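Asker: Below is run17.pdb; it holds PDB, C-alpha atoms, pLDDT in the B column.
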MODEL        1
ATOM      1  CA  MET A1415     -15.987   7.545   2.595  1.00 84.00           C
ATOM      2  CA  ALA A1416     -14.710   5.128   5.217  1.00 90.00           C
ATOM      3  CA  THR A1417     -11.168   5.060   6.572  1.00 92.00           C
ATOM      4  CA  THR A1418      -9.008   2.313   8.058  1.00 94.00           C
ATOM      5  CA  ALA A1419      -5.647   2.541   9.806  1.00 96.00           C
ATOM      6  CA  SER A1420      -3.015  -0.147  10.240  1.00 97.00           C
ATOM      7  CA  GLY A1421       0.339   0.328  11.898  1.00 97.00           C
ATOM      8  CA  VAL A1422       3.464  -1.241  13.293  1.00 96.00           C
ATOM      9  CA  THR A1423       6.884  -0.204  14.548  1.00 96.00           C
ATOM     10  CA  VAL A1424       9.695  -1.722  12.518  1.00 95.00           C
ATOM     11  CA  PRO A1425      13.152  -2.119  14.120  1.00 94.00           C
ATOM     12  CA  ALA A1426      14.909  -0.489  11.171  1.00 96.00           C
ATOM     13  CA  PRO A1427      15.676   3.094  10.129  1.00 96.00           C
ATOM     14  CA  VAL A1428      13.232   5.031   7.962  1.00 97.00           C
ATOM     15  CA  GLU A1429      15.513   4.882   4.919  1.00 96.00           C
ATOM     16  CA  THR A1430      15.512   1.065   5.042  1.00 96.00           C
ATOM     17  CA  VAL A1431      11.714   0.878   5.226  1.00 97.00           C
ATOM     18  CA  TRP A1432      11.368   3.493   2.487  1.00 98.00           C
ATOM     19  CA  ALA A1433      13.756   1.566   0.231  1.00 97.00           C
ATOM     20  CA  THR A1434      11.330  -1.356   0.265  1.00 97.00           C
ATOM     21  CA  LEU A1435       8.244   0.784  -0.436  1.00 97.00           C
ATOM     22  CA  ALA A1436      10.062   2.853  -3.081  1.00 97.00           C
ATOM     23  CA  ARG A1437      10.664  -0.253  -5.184  1.00 96.00           C
ATOM     24  CA  PHE A1438       7.055   0.226  -6.223  1.00 96.00           C
ATOM     25  CA  ALA A1439       6.966  -2.600  -8.772  1.00 95.00           C
ATOM     26  CA  ASP A1440       8.312  -5.132  -6.279  1.00 96.00           C
ATOM     27  CA  ILE A1441       5.352  -5.428  -3.905  1.00 97.00           C
ATOM     28  CA  ASN A1442       5.004  -9.077  -4.946  1.00 97.00           C
ATOM     29  CA  ARG A1443       8.413  -9.739  -3.367  1.00 96.00           C
ATOM     30  CA  TRP A1444       7.184  -8.910   0.142  1.00 97.00           C
ATOM     31  CA  ALA A1445       3.351  -8.897   0.198  1.00 97.00           C
ATOM     32  CA  ARG A1446       2.119 -12.492   0.507  1.00 96.00           C
ATOM     33  CA  ALA A1447      -1.288 -11.776  -1.059  1.00 94.00           C
ATOM     34  CA  VAL A1448       0.238 -10.331  -4.237  1.00 97.00           C
ATOM     35  CA  ASP A1449       0.837 -12.962  -6.891  1.00 97.00           C
ATOM     36  CA  GLN A1450       2.460 -10.672  -9.446  1.00 97.00           C
ATOM     37  CA  SER A1451       3.282  -6.997  -9.932  1.00 97.00           C
ATOM     38  CA  SER A1452       4.876  -4.861 -12.614  1.00 97.00           C
ATOM     39  CA  LEU A1453       5.224  -1.244 -13.628  1.00 97.00           C
ATOM     40  CA  LEU A1454       2.945   0.102 -16.351  1.00 97.00           C
ATOM     41  CA  THR A1455       4.881   3.365 -16.657  1.00 97.00           C
ATOM     42  CA  ALA A1456       8.503   4.076 -17.577  1.00 94.00           C
ATOM     43  CA  GLY A1457      11.014   6.231 -15.776  1.00 90.00           C
ATOM     44  CA  PRO A1458      12.021   6.637 -12.165  1.00 91.00           C
ATOM     45  CA  PRO A1459       9.372   5.982  -9.506  1.00 92.00           C
ATOM     46  CA  GLY A1460       7.425   8.971  -8.257  1.00 96.00           C
ATOM     47  CA  THR A1461       4.146  10.777  -8.734  1.00 97.00           C
ATOM     48  CA  GLY A1462       2.330   9.277 -11.714  1.00 98.00           C
ATOM     49  CA  THR A1463       4.029   5.880 -11.515  1.00 98.00           C
ATOM     50  CA  THR A1464       1.488   3.108 -12.100  1.00 98.00           C
ATOM     51  CA  ARG A1465       1.807  -0.563 -11.284  1.00 98.00           C
ATOM     52  CA  ARG A1466      -0.339  -3.572 -12.066  1.00 98.00           C
ATOM     53  CA  VAL A1467      -0.947  -5.840  -9.088  1.00 98.00           C
ATOM     54  CA  GLN A1468      -2.383  -9.331  -9.469  1.00 97.00           C
ATOM     55  CA  VAL A1469      -4.185 -10.644  -6.368  1.00 94.00           C
ATOM     56  CA  GLY A1470      -5.815 -13.949  -7.175  1.00 93.00           C
ATOM     57  CA  ARG A1471      -8.104 -13.297 -10.132  1.00 93.00           C
ATOM     58  CA  ALA A1472      -8.204  -9.536  -9.525  1.00 92.00           C
ATOM     59  CA  ALA A1473      -5.934  -7.237 -11.524  1.00 96.00           C
ATOM     60  CA  LEU A1474      -5.515  -3.846  -9.848  1.00 97.00           C
ATOM     61  CA  ARG A1475      -3.951  -0.610 -11.094  1.00 98.00           C
ATOM     62  CA  GLU A1476      -2.270   1.500  -8.440  1.00 98.00           C
ATOM     63  CA  THR A1477      -1.127   5.001  -9.357  1.00 98.00           C
ATOM     64  CA  VAL A1478       1.144   7.088  -7.120  1.00 98.00           C
ATOM     65  CA  ASP A1479      -0.243  10.511  -6.221  1.00 98.00           C
ATOM     66  CA  ILE A1480       1.908  11.175  -3.129  1.00 98.00           C
ATOM     67  CA  TRP A1481       5.671  10.636  -3.274  1.00 98.00           C
ATOM     68  CA  GLU A1482       7.602  12.172  -0.387  1.00 98.00           C
ATOM     69  CA  PRO A1483      10.783  10.104   0.011  1.00 98.00           C
ATOM     70  CA  GLU A1484      11.238   8.610   3.470  1.00 97.00           C
ATOM     71  CA  ARG A1485       7.958  10.210   4.635  1.00 98.00           C
ATOM     72  CA  ARG A1486       4.815   9.375   2.613  1.00 98.00           C
ATOM     73  CA  LEU A1487       3.682   7.237  -0.297  1.00 98.00           C
ATOM     74  CA  GLY A1488       0.081   7.373  -1.501  1.00 98.00           C
ATOM     75  CA  TYR A1489      -1.695   5.749  -4.403  1.00 98.00           C
ATOM     76  CA  THR A1490      -5.152   5.325  -5.901  1.00 98.00           C
ATOM     77  CA  ILE A1491      -6.435   1.794  -6.417  1.00 97.00           C
ATOM     78  CA  GLU A1492      -8.518   0.841  -9.455  1.00 97.00           C
ATOM     79  CA  GLY A1493      -9.951  -2.509 -10.486  1.00 96.00           C
ATOM     80  CA  LEU A1494     -11.781  -3.325  -7.277  1.00 92.00           C
ATOM     81  CA  PRO A1495     -15.362  -4.644  -7.444  1.00 89.00           C
ATOM     82  CA  ALA A1496     -17.822  -2.277  -9.152  1.00 88.00           C
ATOM     83  CA  VAL A1497     -19.410  -1.327  -5.832  1.00 88.00           C
ATOM     84  CA  VAL A1498     -16.191   0.590  -4.996  1.00 91.00           C
ATOM     85  CA  THR A1499     -16.148   4.044  -6.585  1.00 93.00           C
ATOM     86  CA  ALA A1500     -12.806   5.170  -5.119  1.00 95.00           C
ATOM     87  CA  ALA A1501     -10.009   3.650  -3.044  1.00 96.00           C
ATOM     88  CA  HIS A1502      -6.718   5.065  -1.807  1.00 97.00           C
ATOM     89  CA  ASN A1503      -3.834   3.931   0.398  1.00 98.00           C
ATOM     90  CA  THR A1504      -1.315   6.193   2.124  1.00 98.00           C
ATOM     91  CA  TRP A1505       1.839   4.939   3.848  1.00 98.00           C
ATOM     92  CA  VAL A1506       3.385   7.271   6.456  1.00 98.00           C
ATOM     93  CA  LEU A1507       6.835   6.662   7.957  1.00 98.00           C
ATOM     94  CA  ARG A1508       8.119   8.356  11.126  1.00 98.00           C
ATOM     95  CA  PRO A1509      11.350   7.780  13.034  1.00 97.00           C
ATOM     96  CA  GLU A1510      10.614   6.188  16.397  1.00 96.00           C
ATOM     97  CA  GLY A1511      13.675   5.601  18.549  1.00 93.00           C
ATOM     98  CA  ALA A1512      16.018   3.349  16.566  1.00 91.00           C
ATOM     99  CA  GLY A1513      13.123   2.146  14.416  1.00 96.00           C
ATOM    100  CA  THR A1514      10.324   3.390  12.202  1.00 97.00           C
ATOM    101  CA  ALA A1515       6.639   3.838  12.937  1.00 98.00           C
ATOM    102  CA  VAL A1516       4.737   2.699   9.856  1.00 98.00           C
ATOM    103  CA  GLU A1517       1.097   3.621   9.316  1.00 98.00           C
ATOM    104  CA  LEU A1518      -1.051   2.617   6.363  1.00 98.00           C
ATOM    105  CA  THR A1519      -4.323   4.485   5.983  1.00 97.00           C
ATOM    106  CA  GLY A1520      -6.925   3.174   3.568  1.00 95.00           C
ATOM    107  CA  GLU A1521      -9.893   5.144   2.271  1.00 95.00           C
ATOM    108  CA  VAL A1522     -12.788   3.659   0.361  1.00 92.00           C
ATOM    109  CA  GLU A1523     -15.939   5.099  -1.173  1.00 91.00           C
ATOM    110  CA  THR A1524     -18.796   2.929  -2.422  1.00 90.00           C
ATOM    111  CA  ARG A1525     -22.002   3.130  -4.395  1.00 85.00           C
ATOM    112  CA  ARG A1526     -25.145   3.045  -2.346  1.00 74.00           C
ATOM    113  CA  PRO A1527     -26.702   0.971  -0.847  1.00 67.00           C
ATOM    114  CA  VAL A1528     -23.512  -0.860   0.187  1.00 73.00           C
ATOM    115  CA  PRO A1529     -22.093   0.991   3.192  1.00 78.00           C
ATOM    116  CA  ALA A1530     -18.458   1.998   2.730  1.00 77.00           C
ATOM    117  CA  ARG A1531     -17.682   0.884   6.272  1.00 79.00           C
ATOM    118  CA  LEU A1532     -18.461  -2.727   5.323  1.00 83.00           C
ATOM    119  CA  VAL A1533     -16.055  -2.603   2.382  1.00 83.00           C
ATOM    120  CA  ALA A1534     -13.533  -0.799   4.592  1.00 83.00           C
ATOM    121  CA  VAL A1535     -13.440  -3.790   6.950  1.00 85.00           C
ATOM    122  CA  ARG A1536     -12.063  -5.924   4.113  1.00 85.00           C
ATOM    123  CA  LEU A1537      -9.632  -3.176   3.049  1.00 88.00           C
ATOM    124  CA  GLY A1538      -8.525  -2.869   6.675  1.00 89.00           C
ATOM    125  CA  ARG A1539      -7.757  -6.598   6.902  1.00 93.00           C
ATOM    126  CA  THR A1540      -5.803  -6.431   3.665  1.00 93.00           C
ATOM    127  CA  ASN A1541      -3.859  -3.406   4.886  1.00 95.00           C
ATOM    128  CA  ASP A1542      -3.144  -5.064   8.257  1.00 96.00           C
ATOM    129  CA  GLN A1543      -1.542  -7.904   6.301  1.00 96.00           C
ATOM    130  CA  LEU A1544       0.421  -5.503   4.063  1.00 96.00           C
ATOM    131  CA  VAL A1545       1.851  -3.745   7.124  1.00 96.00           C
ATOM    132  CA  ALA A1546       2.787  -7.059   8.766  1.00 97.00           C
ATOM    133  CA  ASP A1547       4.376  -8.322   5.540  1.00 97.00           C
ATOM    134  CA  LEU A1548       6.397  -5.111   5.119  1.00 97.00           C
ATOM    135  CA  ALA A1549       7.637  -5.345   8.714  1.00 96.00           C
ATOM    136  CA  ALA A1550       8.620  -9.008   8.250  1.00 96.00           C
ATOM    137  CA  CYS A1551      10.462  -8.262   4.994  1.00 95.00           C
ATOM    138  CA  VAL A1552      12.426  -5.387   6.514  1.00 95.00           C
ATOM    139  CA  ALA A1553      13.249  -7.451   9.607  1.00 91.00           C
ATOM    140  CA  ARG A1554      14.612 -10.259   7.401  1.00 90.00           C
ATOM    141  CA  ARG A1555      16.809  -7.789   5.553  1.00 85.00           C
ATOM    142  CA  GLN A1556      18.096  -6.375   8.852  1.00 80.00           C
ATOM    143  CA  ALA A1557      19.042  -9.828  10.180  1.00 70.00           C
TER
ENDMDL
END
Can you give me the file's structure in the form of structure tokens?
Answerer:
Amino acid sequence: MATTASGVTVPAPVETVWATLARFADINRWARAVDQSSLLTAGPPGTGTTRRVQVGRAALRETVDIWEPERRLGYTIEGLPAVVTAAHNTWVLRPEGAGTAVELTGEVETRRPVPARLVAVRLGRTNDQLVADLAACVARRQA
């Protein structure tokens, strides 16, 4: 398994950043790479909530397995190319001064002979963009 880490400090309180992430179906409203997203499960967001995310021609299913309000959000990612056997993202929020430190950790496991670290480079770039897009969205809302 290979791991990536992306992070930024957002000039907004944790609860503001969490409010954006907690609207789990709305990732298409702030992530530029996401064309469309919707919930596949009913009820309030939390552990077990699943969303469909359309990125270009790829349709992904992301299912929440960590839901700690204003602290951590984690989800498995399915629908990636067949070489990927497992993928997971975890968002961690920490107060930092008047703002919030945001870290997104991605984990990916692949079938051999494709090294997971090569696939992780792509996941890392995607996650860097997600973090930047989240920060930009929150900053716009703060303005």
Asker: Give the answer as one residue: which of A:Ala1445, A:Ile1491, A:Ser1420, A:Met1415 has the shortest atom-to-atom distance to Asn1541 (chain A), using all atoms listed in the file?
Answerer: A:Ser1420
Asker: Just how far from CA of Glu1484 (chain A) is CA of Ala1546 (chain A), in Å to one decimal?
Answerer: 18.6 Å
Asker: So which one's closest to Trp1432 (chain A), A:Pro1529, A:Gly1511, A:Gly1488, A:Pro1483? Using all atoms listed in the file, please.
Answerer: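 So, comparing all the options, the nearest one is A:Pro1483.
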Asker: Evaluated on this file, the PyMOL selection byres ((chain A and resi 1424) around 9) picks out some residues - which ones are they, written as a tab-separated table (two decimals) with C-alpha atoms, keeping the file's coordinate frame?
Answerer:
chain	number	residue	atom	x	y	z
A	1422	VAL	CA	3.46	-1.24	13.29
A	1423	THR	CA	6.88	-0.20	14.55
A	1425	PRO	CA	13.15	-2.12	14.12
A	1426	ALA	CA	14.91	-0.49	11.17
A	1427	PRO	CA	15.68	3.09	10.13
A	1428	VAL	CA	13.23	5.03	7.96
A	1431	VAL	CA	11.71	0.88	5.23
A	1510	GLU	CA	10.61	6.19	16.40
A	1513	GLY	CA	13.12	2.15	14.42
A	1514	THR	CA	10.32	3.39	12.20
A	1515	ALA	CA	6.64	3.84	12.94
A	1516	VAL	CA	4.74	2.70	9.86
A	1548	LEU	CA	6.40	-5.11	5.12
A	1549	ALA	CA	7.64	-5.34	8.71
A	1550	ALA	CA	8.62	-9.01	8.25
A	1552	VAL	CA	12.43	-5.39	6.51
A	1553	ALA	CA	13.25	-7.45	9.61
Asker: Name every residue that the PyMOL selection byres ((chain A and resi 1455-1464) around 12) selects in this structure, writing the answer as a ChimeraX atom specification with chains first and numbers rising.
Answerer: /A:1433,1435-1440,1451-1454,1465-1467,1474-1483,1486-1492
Asker: For CA of Arg1508 (chain A) and CA of Thr1540 (chain A), determine how far apart the two atoms are, in Å to one decimal place.
Answerer: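 That distance, rounded to one decimal, is 21.6 Å.
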Asker: Which is closest to Val1469 (chain A) among A:Ala1500, A:Leu1494, A:Leu1544, A:Val1448, if we use only C-alpha atoms?
Answerer: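 Smallest distance to Val1469 (chain A) is found for A:Val1448.
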Asker: Just the number, please: distance in Å from CA of Val1522 (chain A) to CA of Arg1446 (chain A), one decimal.
Answerer: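 Answer for the CA of Val1522 (chain A) to CA of Arg1446 (chain A) separation: 22.0 Å.
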Asker: Looking at A:Ala1501, A:Leu1532, A:Cys1551, A:Ala1557, which one is nearest to Asn1442 (chain A), with distances taken over all atoms listed in the file?
Answerer: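 Looking at the shortest contact to Asn1442 (chain A), the residue is A:Cys1551.
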Asker: Run the PyMOL selection byres ((chain A and resi 1525) around 9) mentally over the shown coordinates, then write out the matched residues as a tab-separated table (two decimals) with C-alpha atoms, in the coordinates of the input, using the chain letters and numbers from the document.
Answerer:
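File expr21.tsv, as written:
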chain	number	residue	atom	x	y	z
A	1496	ALA	CA	-17.82	-2.28	-9.15
A	1497	VAL	CA	-19.41	-1.33	-5.83
A	1498	VAL	CA	-16.19	0.59	-5.00
A	1499	THR	CA	-16.15	4.04	-6.58
A	1523	GLU	CA	-15.94	5.10	-1.17
A	1524	THR	CA	-18.80	2.93	-2.42
A	1526	ARG	CA	-25.14	3.04	-2.35
A	1527	PRO	CA	-26.70	0.97	-0.85
A	1528	VAL	CA	-23.51	-0.86	0.19
A	1529	PRO	CA	-22.09	0.99	3.19
A	1530	ALA	CA	-18.46	2.00	2.73
Asker: Given 8 Å of margin on each side, can you work out the centre and size in Å (one decimal) of an axis-aligned box holding every listed atom of region 1441-1456 of chain A, as lines of an AutoDock Vina configuration file?
Answerer:
center_x = 3.6
center_y = -4.4
center_z = -8.5
size_x = 25.8
size_y = 33.0
size_z = 34.1
Asker: Every residue with an atom at most 8 Å from (-12.7, -6.3, -0.8) (file coordinates; all atoms listed in the file) is what I'm after, so could you write them as a compact mmCIF listing (two decimals) with C-alpha atoms, in the frame of the given file?
Answerer:
# COMPACT_ATOMS: atom_id res chain seq x y z
CA LEU A 1494 -11.78 -3.32 -7.28
CA PRO A 1495 -15.36 -4.64 -7.44
CA VAL A 1533 -16.06 -2.60 2.38
CA ALA A 1534 -13.53 -0.80 4.59
CA ARG A 1536 -12.06 -5.92 4.11
CA LEU A 1537 -9.63 -3.18 3.05
